[in-house]
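K.L.:
Below is upload14.cif; it holds mmCIF, C-alpha atoms and all ligand atoms.
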data_model
#
loop_
_atom_site.label_atom_id
_atom_site.label_comp_id
_atom_site.auth_asym_id
_atom_site.auth_seq_id
_atom_site.Cartn_x
_atom_site.Cartn_y
_atom_site.Cartn_z
CA MET A 1 22.82 -3.47 4.71
CA PRO A 2 22.74 -0.42 2.36
CA ILE A 3 24.51 -2.50 -0.33
CA LEU A 4 21.92 -5.25 -0.04
CA ARG A 5 19.16 -2.62 -0.11
CA ASP A 6 20.51 -1.10 -3.35
CA PHE A 7 20.85 -4.59 -4.80
CA PHE A 8 17.15 -5.34 -4.23
CA TYR A 9 16.05 -1.86 -5.42
CA ASN A 10 17.95 -2.42 -8.65
CA LEU A 11 16.41 -5.86 -9.06
CA SER A 12 12.92 -4.39 -8.47
CA GLU A 13 13.44 -2.09 -11.46
CA ASN A 14 14.70 -4.78 -13.83
CA GLN A 15 12.04 -5.21 -16.49
CA LEU A 16 13.54 -8.34 -18.04
CA LEU A 17 13.49 -10.18 -14.74
CA ASN A 18 10.01 -8.82 -14.10
CA SER A 19 8.59 -10.30 -17.29
CA ALA A 20 10.47 -13.58 -16.75
CA ALA A 21 8.98 -13.83 -13.24
CA GLN A 22 5.43 -13.46 -14.57
CA LYS A 23 5.80 -16.62 -16.63
CA TYR A 24 6.60 -18.83 -13.69
CA GLY A 25 3.94 -18.03 -11.09
CA LEU A 26 4.79 -17.26 -7.48
CA ARG A 27 8.41 -18.18 -6.83
CA LEU A 28 11.36 -17.24 -4.60
CA GLY A 29 9.14 -17.35 -1.51
CA ALA A 30 6.77 -14.69 -2.86
CA GLN A 31 3.79 -16.86 -1.90
CA SER A 32 4.28 -15.88 1.74
CA VAL A 33 3.62 -12.21 0.97
CA VAL A 34 1.42 -12.40 -2.15
CA ALA A 35 -2.12 -13.78 -1.70
CA GLY A 36 -2.36 -15.84 -4.88
CA THR A 37 -2.43 -15.16 -8.58
CA ASN A 38 -6.18 -15.01 -9.33
CA ILE A 39 -9.48 -13.61 -8.00
CA PRO A 40 -10.84 -16.81 -6.32
CA GLU A 41 -7.55 -17.17 -4.41
CA VAL A 42 -7.56 -13.57 -3.22
CA ILE A 43 -11.24 -13.74 -2.20
CA GLN A 44 -10.43 -16.84 -0.14
CA SER A 45 -7.55 -14.97 1.59
CA ILE A 46 -9.84 -12.00 2.32
CA LYS A 47 -12.46 -14.31 3.85
CA GLU A 48 -9.83 -15.82 6.14
CA LEU A 49 -8.67 -12.38 7.29
CA ASN A 50 -12.24 -11.09 7.70
CA ALA A 51 -12.93 -14.09 9.94
CA GLN A 52 -10.24 -12.70 12.29
CA GLY A 53 -11.87 -9.26 12.34
CA ILE A 54 -9.43 -7.82 9.79
CA SER A 55 -10.53 -5.81 6.76
CA CYS A 56 -8.50 -5.76 3.54
CA THR A 57 -7.26 -3.43 0.86
CA VAL A 58 -6.64 -5.36 -2.33
CA ASP A 59 -3.83 -4.59 -4.76
CA ASN A 60 -3.99 -6.24 -8.17
CA LEU A 61 -0.21 -6.13 -8.70
CA GLY A 62 1.14 -4.40 -11.77
CA GLU A 63 3.91 -2.06 -12.85
CA PHE A 64 6.08 -1.27 -15.88
CA VAL A 65 2.99 -0.46 -17.94
CA TYR A 66 4.00 1.33 -21.14
CA GLU A 67 1.27 0.14 -23.57
CA LYS A 68 -2.32 1.33 -23.47
CA SER A 69 -3.51 -2.26 -24.01
CA GLU A 70 -1.76 -3.33 -20.77
CA ALA A 71 -3.33 -0.47 -18.81
CA THR A 72 -6.77 -1.31 -20.22
CA LYS A 73 -6.25 -4.94 -19.17
CA ALA A 74 -5.29 -3.80 -15.65
CA LYS A 75 -8.42 -1.63 -15.48
CA GLU A 76 -10.64 -4.58 -16.57
CA GLN A 77 -9.04 -6.78 -13.89
CA ILE A 78 -9.59 -4.19 -11.16
CA LEU A 79 -13.24 -3.81 -12.22
CA GLU A 80 -13.57 -7.60 -11.91
CA VAL A 81 -12.06 -7.51 -8.41
CA ILE A 82 -14.53 -4.81 -7.36
CA GLU A 83 -17.42 -6.95 -8.66
CA ALA A 84 -16.02 -10.01 -6.85
CA ILE A 85 -15.69 -8.11 -3.55
CA HIS A 86 -19.29 -6.93 -3.92
CA GLU A 87 -20.70 -10.34 -4.96
CA ASN A 88 -18.92 -12.16 -2.13
CA ASP A 89 -19.90 -9.47 0.35
CA VAL A 90 -16.42 -9.39 1.92
CA ASP A 91 -14.94 -6.49 3.90
CA ALA A 92 -12.42 -5.07 1.42
CA HIS A 93 -11.58 -2.08 -0.72
CA ILE A 94 -9.06 -1.37 -3.47
CA SER A 95 -5.51 0.00 -3.60
CA LEU A 96 -4.07 0.75 -7.02
CA LYS A 97 -1.08 2.41 -8.64
CA PRO A 98 -1.74 5.18 -11.19
CA SER A 99 1.21 3.97 -13.32
CA GLN A 100 -0.56 0.63 -13.71
CA LEU A 101 -3.49 2.47 -15.33
CA GLY A 102 -1.37 4.42 -17.79
CA LEU A 103 -0.03 7.47 -15.91
CA ASP A 104 3.33 7.14 -17.69
CA ILE A 105 1.60 6.93 -21.09
CA ASP A 106 -0.99 9.69 -21.05
CA TYR A 107 -2.55 11.58 -18.12
CA ASP A 108 -6.07 11.84 -19.62
CA PHE A 109 -6.12 8.17 -20.57
CA CYS A 110 -5.14 7.28 -16.97
CA TYR A 111 -7.83 9.60 -15.61
CA ASP A 112 -10.50 7.92 -17.79
CA ASN A 113 -9.46 4.49 -16.49
CA LEU A 114 -9.62 5.72 -12.91
CA ASP A 115 -12.96 7.42 -13.52
CA GLU A 116 -14.48 4.05 -14.49
CA ILE A 117 -12.96 2.28 -11.48
CA VAL A 118 -13.86 4.91 -8.87
CA GLY A 119 -17.33 5.25 -10.46
CA LEU A 120 -18.06 1.51 -10.14
CA ALA A 121 -16.69 1.43 -6.59
CA ALA A 122 -18.83 4.45 -5.65
CA ARG A 123 -21.95 2.48 -6.64
CA TYR A 124 -20.95 -0.16 -4.08
CA ASN A 125 -19.88 2.39 -1.48
CA MET A 126 -16.32 1.10 -1.73
CA HIS A 127 -13.17 3.13 -1.09
CA ILE A 128 -10.38 3.46 -3.66
CA ASN A 129 -6.86 4.31 -2.52
CA LEU A 130 -4.36 5.76 -4.98
CA ASP A 131 -1.05 4.29 -3.81
CA MET A 132 1.85 6.69 -4.08
CA GLU A 133 4.85 5.74 -6.16
CA ASN A 134 8.13 7.57 -6.77
CA TYR A 135 8.71 11.35 -6.72
CA ALA A 136 8.26 11.86 -10.48
CA ARG A 137 4.70 10.53 -10.16
CA LEU A 138 3.82 12.41 -6.95
CA GLN A 139 2.32 15.60 -8.39
CA PRO A 140 0.51 13.89 -11.30
CA SER A 141 -1.05 11.48 -8.77
CA PHE A 142 -2.26 14.40 -6.61
CA ASP A 143 -3.64 15.99 -9.79
CA LEU A 144 -5.60 12.80 -10.48
CA LEU A 145 -6.94 12.87 -6.93
CA ASP A 146 -8.01 16.52 -7.31
CA GLN A 147 -9.80 15.76 -10.56
CA LEU A 148 -11.51 12.62 -9.25
CA SER A 149 -12.64 14.49 -6.13
CA LEU A 150 -14.74 16.80 -8.27
CA LYS A 151 -17.03 13.80 -8.94
CA TYR A 152 -16.44 11.31 -6.12
CA ASP A 153 -15.80 11.20 -2.39
CA ASN A 154 -14.74 7.53 -2.16
CA VAL A 155 -11.12 8.19 -3.07
CA GLY A 156 -8.00 8.90 -1.01
CA THR A 157 -4.25 8.55 -1.19
CA VAL A 158 -0.95 8.10 0.62
CA ILE A 159 1.45 10.53 2.27
CA GLN A 160 5.10 9.38 2.28
CA ALA A 161 6.98 10.70 5.31
CA TYR A 162 10.40 10.71 3.62
CA PHE A 163 9.41 13.62 1.35
CA PHE A 164 10.23 17.16 2.50
CA ASN A 165 6.85 18.32 1.14
CA ALA A 166 4.83 15.70 3.04
CA LYS A 167 3.60 18.15 5.70
CA GLU A 168 2.48 20.63 3.07
CA ASN A 169 0.54 17.87 1.29
CA ILE A 170 -1.04 16.46 4.43
CA GLU A 171 -2.31 19.93 5.33
CA LYS A 172 -3.75 20.34 1.85
CA TYR A 173 -5.42 16.90 1.84
CA LYS A 174 -6.46 16.69 5.50
CA ASN A 175 -10.13 16.26 4.56
CA TYR A 176 -9.35 13.01 2.79
CA ARG A 177 -9.00 9.50 4.05
CA LEU A 178 -5.18 9.18 4.01
CA ARG A 179 -2.72 6.35 4.48
CA ILE A 180 0.53 7.52 6.05
CA VAL A 181 3.73 5.56 5.37
CA LYS A 182 7.48 6.06 5.68
CA GLY A 183 8.02 5.68 1.90
CA ALA A 184 9.23 2.69 -0.13
CA TYR A 185 11.20 4.03 -3.10
CA LYS A 186 14.79 5.18 -3.41
CA GLU A 187 14.57 8.99 -3.63
CA PRO A 188 17.28 11.66 -4.12
CA ALA A 189 18.56 13.83 -1.24
CA ASP A 190 17.16 17.05 -2.71
CA VAL A 191 13.54 15.88 -2.24
CA ALA A 192 13.58 13.31 0.57
CA TYR A 193 15.11 12.63 3.98
CA GLN A 194 17.75 9.92 3.74
CA ASP A 195 18.29 9.31 7.42
CA LYS A 196 16.01 6.75 9.08
CA HIS A 197 15.76 8.83 12.26
CA ASP A 198 14.57 11.93 10.33
CA ILE A 199 12.00 9.85 8.45
CA ASP A 200 10.70 8.31 11.68
CA LEU A 201 10.32 11.75 13.33
CA ASN A 202 8.45 13.14 10.34
CA PHE A 203 6.28 10.00 10.21
CA ILE A 204 5.15 10.52 13.81
CA ASP A 205 4.54 14.23 13.21
CA LEU A 206 2.34 13.52 10.16
CA ILE A 207 0.38 10.77 11.92
CA GLU A 208 -0.33 13.03 14.92
CA TYR A 209 -1.36 15.89 12.64
CA HIS A 210 -3.84 13.77 10.68
CA LEU A 211 -5.23 12.05 13.77
CA LEU A 212 -5.99 15.47 15.26
CA HIS A 213 -7.12 17.35 12.16
CA GLY A 214 -7.83 14.81 9.42
CA LYS A 215 -10.78 12.78 8.24
CA PHE A 216 -9.65 9.18 8.68
CA THR A 217 -6.07 7.98 9.18
CA SER A 218 -4.58 4.67 8.05
CA ILE A 219 -1.31 4.19 9.89
CA ALA A 220 0.60 1.79 7.66
CA THR A 221 3.68 0.40 9.36
CA HIS A 222 5.22 -2.74 10.85
CA ASP A 223 7.15 -0.61 13.34
CA HIS A 224 6.05 -1.57 16.87
CA ASN A 225 7.56 1.66 18.30
CA VAL A 226 5.30 3.76 16.09
CA ILE A 227 2.28 1.57 16.83
CA ASN A 228 2.86 1.85 20.60
CA HIS A 229 3.28 5.61 20.27
CA VAL A 230 -0.02 5.88 18.38
CA LYS A 231 -1.86 3.77 20.97
CA GLN A 232 -0.75 6.16 23.72
CA PHE A 233 -1.40 9.27 21.59
CA VAL A 234 -5.02 8.35 20.76
CA LYS A 235 -5.63 7.56 24.43
CA ASP A 236 -4.17 10.89 25.60
CA HIS A 237 -6.19 12.85 23.04
CA ASN A 238 -9.45 10.88 23.27
CA ILE A 239 -9.37 10.00 19.60
CA PRO A 240 -12.03 7.35 19.00
CA ASN A 241 -11.15 4.06 17.29
CA ASP A 242 -13.43 4.83 14.34
CA LYS A 243 -11.15 7.72 13.29
CA PHE A 244 -8.18 5.52 12.39
CA GLU A 245 -6.89 2.06 11.57
CA PHE A 246 -3.59 0.26 11.50
CA GLN A 247 -2.44 -1.30 8.24
CA MET A 248 0.25 -3.89 7.51
CA LEU A 249 1.23 -5.88 4.46
CA TYR A 250 -0.07 -9.41 3.91
CA GLY A 251 2.24 -12.01 5.44
CA PHE A 252 4.18 -9.61 7.69
CA ARG A 253 3.99 -9.70 11.52
CA LYS A 254 0.86 -11.86 11.31
CA GLU A 255 0.59 -12.32 15.08
CA MET A 256 0.73 -8.59 15.67
CA GLN A 257 -1.98 -8.07 13.04
CA THR A 258 -4.43 -10.41 14.80
CA GLU A 259 -3.42 -9.09 18.21
CA LEU A 260 -4.23 -5.48 17.25
CA ALA A 261 -7.60 -6.56 15.82
CA LYS A 262 -8.33 -8.50 19.03
CA GLU A 263 -7.46 -5.43 21.10
CA GLY A 264 -10.34 -3.68 19.33
CA TYR A 265 -8.41 -1.49 16.88
CA ASN A 266 -9.55 -1.29 13.29
CA PHE A 267 -7.03 -3.29 11.33
CA CYS A 268 -6.67 -3.52 7.57
CA THR A 269 -4.29 -5.85 5.74
CA TYR A 270 -2.86 -4.79 2.37
CA VAL A 271 -3.45 -7.86 0.19
CA PRO A 272 -1.46 -7.98 -3.07
CA PHE A 273 -2.23 -10.63 -5.65
CA GLY A 274 -1.56 -11.41 -9.30
CA ASN A 275 1.19 -12.57 -11.63
CA ASP A 276 3.04 -9.28 -11.55
CA TRP A 277 4.52 -9.88 -8.09
CA TYR A 278 8.20 -9.42 -8.82
CA GLY A 279 8.76 -5.63 -8.31
CA TYR A 280 6.56 -5.61 -5.20
CA PHE A 281 8.44 -8.52 -3.72
CA MET A 282 11.91 -7.08 -4.41
CA ARG A 283 10.95 -3.73 -2.79
CA ARG A 284 9.93 -5.61 0.36
CA LEU A 285 13.35 -7.27 0.42
CA ALA A 286 15.03 -3.88 -0.14
CA GLU A 287 13.16 -2.34 2.80
CA ARG A 288 14.12 -5.08 5.15
CA PRO A 289 16.71 -7.56 3.96
CA GLN A 290 15.90 -9.67 7.06
CA ASN A 291 12.72 -10.55 5.16
CA LEU A 292 14.99 -12.96 3.34
CA ASN A 293 14.31 -15.17 6.36
CA LEU A 294 10.71 -15.39 5.21
CA VAL A 295 11.95 -16.42 1.80
CA THR A 296 14.39 -19.05 2.96
CA LYS A 297 11.74 -20.53 5.26
CA GLN A 298 9.41 -20.87 2.28
CA VAL A 299 12.07 -22.46 0.12
CA PHE A 300 13.13 -24.99 2.75
CA THR A 301 9.74 -25.91 4.16
CA LYS A 302 8.23 -26.84 0.79
P1 LIG B 401 10.58 -0.17 9.01
O1 LIG B 401 11.20 1.18 9.08
O2 LIG B 401 10.87 -1.03 7.81
O3 LIG B 401 10.94 -0.98 10.29
C1 LIG B 401 11.01 -0.38 11.57
C2 LIG B 401 11.26 -1.44 12.61
O4 LIG B 401 10.07 -2.25 12.76
C3 LIG B 401 12.36 -2.42 12.25
O5 LIG B 401 13.62 -1.92 12.61
C4 LIG B 401 11.96 -3.65 13.05
O6 LIG B 401 12.32 -3.50 14.40
C5 LIG B 401 10.44 -3.62 12.96
N1 LIG B 401 9.95 -4.42 11.81
C6 LIG B 401 9.66 -3.97 10.59
N2 LIG B 401 9.22 -4.97 9.79
C7 LIG B 401 9.24 -6.08 10.55
C8 LIG B 401 8.92 -7.44 10.31
N3 LIG B 401 8.47 -7.87 9.11
N4 LIG B 401 9.06 -8.32 11.32
C9 LIG B 401 9.51 -7.92 12.55
N5 LIG B 401 9.84 -6.63 12.83
C10 LIG B 401 9.71 -5.73 11.85
N6 LIG B 401 5.15 2.94 0.45
C11 LIG B 401 4.99 3.84 -0.55
O7 LIG B 401 5.96 4.51 -0.94
N7 LIG B 401 3.76 4.02 -1.14
C12 LIG B 401 2.65 3.35 -0.72
O8 LIG B 401 1.56 3.57 -1.28
C13 LIG B 401 2.80 2.40 0.34
N8 LIG B 401 1.74 1.70 0.81
C14 LIG B 401 1.91 0.87 1.90
C15 LIG B 401 0.81 0.21 2.46
C16 LIG B 401 0.95 -0.54 3.61
C17 LIG B 401 -0.25 -1.21 4.20
C18 LIG B 401 2.23 -0.67 4.24
C19 LIG B 401 2.40 -1.45 5.51
C20 LIG B 401 3.32 -0.06 3.67
C21 LIG B 401 3.19 0.70 2.50
N9 LIG B 401 4.30 1.31 1.93
C22 LIG B 401 4.11 2.21 0.90
C23 LIG B 401 5.67 0.94 2.36
C24 LIG B 401 6.20 1.89 3.43
O9 LIG B 401 6.46 3.13 2.84
C25 LIG B 401 7.50 1.35 4.07
O10 LIG B 401 8.47 1.26 3.06
C26 LIG B 401 7.37 -0.02 4.72
O11 LIG B 401 6.16 -0.15 5.39
C27 LIG B 401 8.54 -0.26 5.70
O12 LIG B 401 8.49 0.66 6.76
P2 LIG B 401 7.83 0.31 8.19
O13 LIG B 401 7.14 1.55 8.66
O14 LIG B 401 6.96 -0.88 8.06
O15 LIG B 401 9.00 -0.01 9.19
#
Would you mind writing the file out in structure tokens?
P.N.:
Amino acid sequence: MPILRDFFYNLSENQLLNSAAQKYGLRLGAQSVVAGTNIPEVIQSIKELNAQGISCTVDNLGEFVYEKSEATKAKEQILEVIEAIHENDVDAHISLKPSQLGLDIDYDFCYDNLDEIVGLAARYNMHINLDMENYARLQPSFDLLDQLSLKYDNVGTVIQAYFFNAKENIEKYKNYRLRIVKGAYKEPADVAYQDKHDIDLNFIDLIEYHLLHGKFTSIATHDHNVINHVKQFVKDHNIPNDKFEFQMLYGFRKEMQTELAKEGYNFCTYVPFGNDWYGYFMRRLAERPQNLNLVTKQVFTK
């Protein structure tokens, strides 16, 4: 499996394949995990999930942004999504990647883009989550959060359990709404745990810490063992349901998503959409090569 994982990680970082993929719409089975390529399609998907008692966090897919014009385009699209969520009165907020808004080009330029986005969302009382990317972007992303927090309180971020410094960061940002995840990128051994067992232990530790001391916790995982542990933990510690939610990615473990919502837990689906689906899709295959089953099903049932 590690060979297959590396194979998909390498594919996810291939810019040539990424731009080729954009030209051809959703392919390779991506339509099972990406909710369309445009705003009307994603609004329709959100409505369907809302009807099942599930809220959504919407990701207008985009990466490999090295030109200011591309980052400006991404900002305009995200502003449009915020307007569409507001106009359609659906239960959804926004997840975005700082690199998509120009973090790799110029920090201040990225901040200005985010300032516009978080400012518009604040007017509609809508939350903005800064997704966390790879280690090189970790500190600059926290810097953006610090700077945005001087003006706004509708912004939060993600803590990745594979990083050695995750506990330090969760303590520092405990007064924020945080999503806690295991971590999706391939990181070196001097900054991140490599062993699945170590990552899982740290993941549980961080979740428990934020449930007890934090503002609001989004537990983002498809791991039933972690979910069952959390259910018992909140019961034992009398943590009310309005202090946390479970999150999963669109298209994954759909039955479990609806089941958790039916059981009365807050549930939020991460809904990616757009033409730039390639890197996102390859990382999902790298995390869990069995997801290829999803792909083959799509290819053969068309
Ligand atoms: P895994 O460790 O992949 O799986 C654990 C076990 O759960 C598996 O062995 C299997 O038994 C079961 N399982 C898992 N998936 C399935 C499935 N599809 N069907 C059946 N059983 C399954 N990462 C980042 O680095 N930055 C982010 O900002 C970020 N945001 C995220 C947002 C959301 C909503 C989610 C769900 C994930 C996000 N991630 C992010 C990805 C995350 O870091 C993990 O890489 C990813 O979720 C895989 O880990 P896992 O906890 O789901 O379980």
K.L.:
Mind pulling up the distance from atom CA of A:Asp223 to atom N2 of ligand LIG 401 (chain B)?
P.N.:
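So the answer is 6.0 Å.
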K.L.:
Counting all atoms listed in the file, name the residues that have an atom within 9 Å of an atom of ligand LIG 401 (chain B); the answer should be given as number ranges by chain.
P.N.:
A: 57, 95-97, 129-134, 157-162, 179-185, 196, 199-200, 203, 218-226, 246-254, 268-271, 283-284, 286-288, 290-291, 294
K.L.:
What's the separation between atom CA of A:Phe64 and atom CA of A:Tyr107, in Å to one decimal place?
P.N.:
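We find that atom CA of A:Phe64 and atom CA of A:Tyr107 lie 15.6 Å from each other.
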K.L.:
Neighbourhood query: residues within 7 Å of (-13.3, 2.9, -6.2), file coordinates, counting only C-alpha atoms; return as a PDB file with C-alpha atoms, keeping the file's coordinate frame.
P.N.:
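So part.pdb came out as:
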ATOM      1  CA  ILE A  94      -9.060  -1.370  -3.470  1.00  0.00           C
ATOM      2  CA  ILE A 117     -12.960   2.280 -11.480  1.00  0.00           C
ATOM      3  CA  VAL A 118     -13.860   4.910  -8.870  1.00  0.00           C
ATOM      4  CA  GLY A 119     -17.330   5.250 -10.460  1.00  0.00           C
ATOM      5  CA  LEU A 120     -18.060   1.510 -10.140  1.00  0.00           C
ATOM      6  CA  ALA A 121     -16.690   1.430  -6.590  1.00  0.00           C
ATOM      7  CA  ALA A 122     -18.830   4.450  -5.650  1.00  0.00           C
ATOM      8  CA  MET A 126     -16.320   1.100  -1.730  1.00  0.00           C
ATOM      9  CA  HIS A 127     -13.170   3.130  -1.090  1.00  0.00           C
ATOM     10  CA  ILE A 128     -10.380   3.460  -3.660  1.00  0.00           C
ATOM     11  CA  ASN A 154     -14.740   7.530  -2.160  1.00  0.00           C
ATOM     12  CA  VAL A 155     -11.120   8.190  -3.070  1.00  0.00           C
TER      13      VAL A 155
END
K.L.:
So which residues fall inside 12 Å of (0.4, 15.2, 10.7) if we count only C-alpha atoms? Mind giving them as a count of residues only?
P.N.:
36
K.L.:
Could I get stretch 215-245 of chain A rebuilt with N, CA and C atoms, written as a PDB file, in the coordinates of the input?
P.N.:
ATOM      1  N   LYS A 215      -9.515  13.501   8.345  1.00  0.00           N
ATOM      2  CA  LYS A 215     -10.780  12.780   8.240  1.00  0.00           C
ATOM      3  C   LYS A 215     -10.651  11.374   8.845  1.00  0.00           C
ATOM      4  N   PHE A 216      -9.861  10.544   8.197  1.00  0.00           N
ATOM      5  CA  PHE A 216      -9.650   9.180   8.680  1.00  0.00           C
ATOM      6  C   PHE A 216      -8.201   8.807   8.355  1.00  0.00           C
ATOM      7  N   THR A 217      -7.501   8.228   9.345  1.00  0.00           N
ATOM      8  CA  THR A 217      -6.070   7.980   9.180  1.00  0.00           C
ATOM      9  C   THR A 217      -5.764   6.475   9.147  1.00  0.00           C
ATOM     10  N   SER A 218      -5.092   6.051   8.088  1.00  0.00           N
ATOM     11  CA  SER A 218      -4.580   4.670   8.050  1.00  0.00           C
ATOM     12  C   SER A 218      -3.088   4.745   8.351  1.00  0.00           C
ATOM     13  N   ILE A 219      -2.717   4.159   9.478  1.00  0.00           N
ATOM     14  CA  ILE A 219      -1.310   4.190   9.890  1.00  0.00           C
ATOM     15  C   ILE A 219      -0.684   2.897   9.401  1.00  0.00           C
ATOM     16  N   ALA A 220       0.088   2.993   8.321  1.00  0.00           N
ATOM     17  CA  ALA A 220       0.600   1.790   7.660  1.00  0.00           C
ATOM     18  C   ALA A 220       2.065   1.575   8.002  1.00  0.00           C
ATOM     19  N   THR A 221       2.302   0.662   8.913  1.00  0.00           N
ATOM     20  CA  THR A 221       3.680   0.400   9.360  1.00  0.00           C
ATOM     21  C   THR A 221       3.763  -0.947  10.075  1.00  0.00           C
ATOM     22  N   HIS A 222       4.964  -1.530  10.044  1.00  0.00           N
ATOM     23  CA  HIS A 222       5.220  -2.740  10.850  1.00  0.00           C
ATOM     24  C   HIS A 222       6.048  -2.377  12.080  1.00  0.00           C
ATOM     25  N   ASP A 223       6.246  -1.084  12.281  1.00  0.00           N
ATOM     26  CA  ASP A 223       7.150  -0.610  13.340  1.00  0.00           C
ATOM     27  C   ASP A 223       6.407  -0.547  14.681  1.00  0.00           C
ATOM     28  N   HIS A 224       6.763  -1.482  15.580  1.00  0.00           N
ATOM     29  CA  HIS A 224       6.050  -1.570  16.870  1.00  0.00           C
ATOM     30  C   HIS A 224       6.216  -0.286  17.697  1.00  0.00           C
ATOM     31  N   ASN A 225       7.383   0.415  17.529  1.00  0.00           N
ATOM     32  CA  ASN A 225       7.560   1.660  18.300  1.00  0.00           C
ATOM     33  C   ASN A 225       6.530   2.705  17.882  1.00  0.00           C
ATOM     34  N   VAL A 226       6.292   2.799  16.588  1.00  0.00           N
ATOM     35  CA  VAL A 226       5.300   3.760  16.090  1.00  0.00           C
ATOM     36  C   VAL A 226       3.897   3.342  16.546  1.00  0.00           C
ATOM     37  N   ILE A 227       3.614   2.058  16.445  1.00  0.00           N
ATOM     38  CA  ILE A 227       2.280   1.570  16.830  1.00  0.00           C
ATOM     39  C   ILE A 227       2.025   1.856  18.320  1.00  0.00           C
ATOM     40  N   ASN A 228       3.038   1.577  19.160  1.00  0.00           N
ATOM     41  CA  ASN A 228       2.860   1.850  20.600  1.00  0.00           C
ATOM     42  C   ASN A 228       2.674   3.339  20.861  1.00  0.00           C
ATOM     43  N   HIS A 229       3.411   4.156  20.119  1.00  0.00           N
ATOM     44  CA  HIS A 229       3.280   5.610  20.270  1.00  0.00           C
ATOM     45  C   HIS A 229       1.850   6.034  19.925  1.00  0.00           C
ATOM     46  N   VAL A 230       1.329   5.503  18.820  1.00  0.00           N
ATOM     47  CA  VAL A 230      -0.020   5.880  18.380  1.00  0.00           C
ATOM     48  C   VAL A 230      -1.069   5.463  19.421  1.00  0.00           C
ATOM     49  N   LYS A 231      -0.894   4.245  19.958  1.00  0.00           N
ATOM     50  CA  LYS A 231      -1.860   3.770  20.970  1.00  0.00           C
ATOM     51  C   LYS A 231      -1.938   4.760  22.132  1.00  0.00           C
ATOM     52  N   GLN A 232      -0.776   5.220  22.595  1.00  0.00           N
ATOM     53  CA  GLN A 232      -0.750   6.160  23.720  1.00  0.00           C
ATOM     54  C   GLN A 232      -1.321   7.512  23.298  1.00  0.00           C
ATOM     55  N   PHE A 233      -0.968   7.958  22.080  1.00  0.00           N
ATOM     56  CA  PHE A 233      -1.400   9.270  21.590  1.00  0.00           C
ATOM     57  C   PHE A 233      -2.931   9.342  21.484  1.00  0.00           C
ATOM     58  N   VAL A 234      -3.555   8.300  20.922  1.00  0.00           N
ATOM     59  CA  VAL A 234      -5.020   8.350  20.760  1.00  0.00           C
ATOM     60  C   VAL A 234      -5.708   8.327  22.135  1.00  0.00           C
ATOM     61  N   LYS A 235      -5.083   7.606  23.069  1.00  0.00           N
ATOM     62  CA  LYS A 235      -5.630   7.560  24.430  1.00  0.00           C
ATOM     63  C   LYS A 235      -5.555   8.954  25.071  1.00  0.00           C
ATOM     64  N   ASP A 236      -4.373   9.571  24.983  1.00  0.00           N
ATOM     65  CA  ASP A 236      -4.170  10.890  25.600  1.00  0.00           C
ATOM     66  C   ASP A 236      -5.071  11.957  24.999  1.00  0.00           C
ATOM     67  N   HIS A 237      -5.411  11.809  23.716  1.00  0.00           N
ATOM     68  CA  HIS A 237      -6.190  12.850  23.040  1.00  0.00           C
ATOM     69  C   HIS A 237      -7.638  12.444  22.780  1.00  0.00           C
ATOM     70  N   ASN A 238      -8.053  11.363  23.422  1.00  0.00           N
ATOM     71  CA  ASN A 238      -9.450  10.880  23.270  1.00  0.00           C
ATOM     72  C   ASN A 238      -9.884  10.755  21.822  1.00  0.00           C
ATOM     73  N   ILE A 239      -9.009  10.204  21.018  1.00  0.00           N
ATOM     74  CA  ILE A 239      -9.370  10.000  19.600  1.00  0.00           C
ATOM     75  C   ILE A 239     -10.048   8.639  19.490  1.00  0.00           C
ATOM     76  N   PRO A 240     -11.297   8.619  19.027  1.00  0.00           N
ATOM     77  CA  PRO A 240     -12.030   7.350  19.000  1.00  0.00           C
ATOM     78  C   PRO A 240     -11.483   6.375  17.947  1.00  0.00           C
ATOM     79  N   ASN A 241     -11.693   5.088  18.185  1.00  0.00           N
ATOM     80  CA  ASN A 241     -11.150   4.060  17.290  1.00  0.00           C
ATOM     81  C   ASN A 241     -11.698   4.162  15.862  1.00  0.00           C
ATOM     82  N   ASP A 242     -12.880   4.775  15.705  1.00  0.00           N
ATOM     83  CA  ASP A 242     -13.430   4.830  14.340  1.00  0.00           C
ATOM     84  C   ASP A 242     -12.822   5.961  13.497  1.00  0.00           C
ATOM     85  N   LYS A 243     -11.822   6.662  14.053  1.00  0.00           N
ATOM     86  CA  LYS A 243     -11.150   7.720  13.290  1.00  0.00           C
ATOM     87  C   LYS A 243      -9.844   7.229  12.622  1.00  0.00           C
ATOM     88  N   PHE A 244      -9.461   5.998  12.941  1.00  0.00           N
ATOM     89  CA  PHE A 244      -8.180   5.520  12.390  1.00  0.00           C
ATOM     90  C   PHE A 244      -8.131   4.003  12.330  1.00  0.00           C
ATOM     91  N   GLU A 245      -7.147   3.503  11.602  1.00  0.00           N
ATOM     92  CA  GLU A 245      -6.890   2.060  11.570  1.00  0.00           C
ATOM     93  C   GLU A 245      -5.392   1.845  11.438  1.00  0.00           C
TER      94      GLU A 245
END
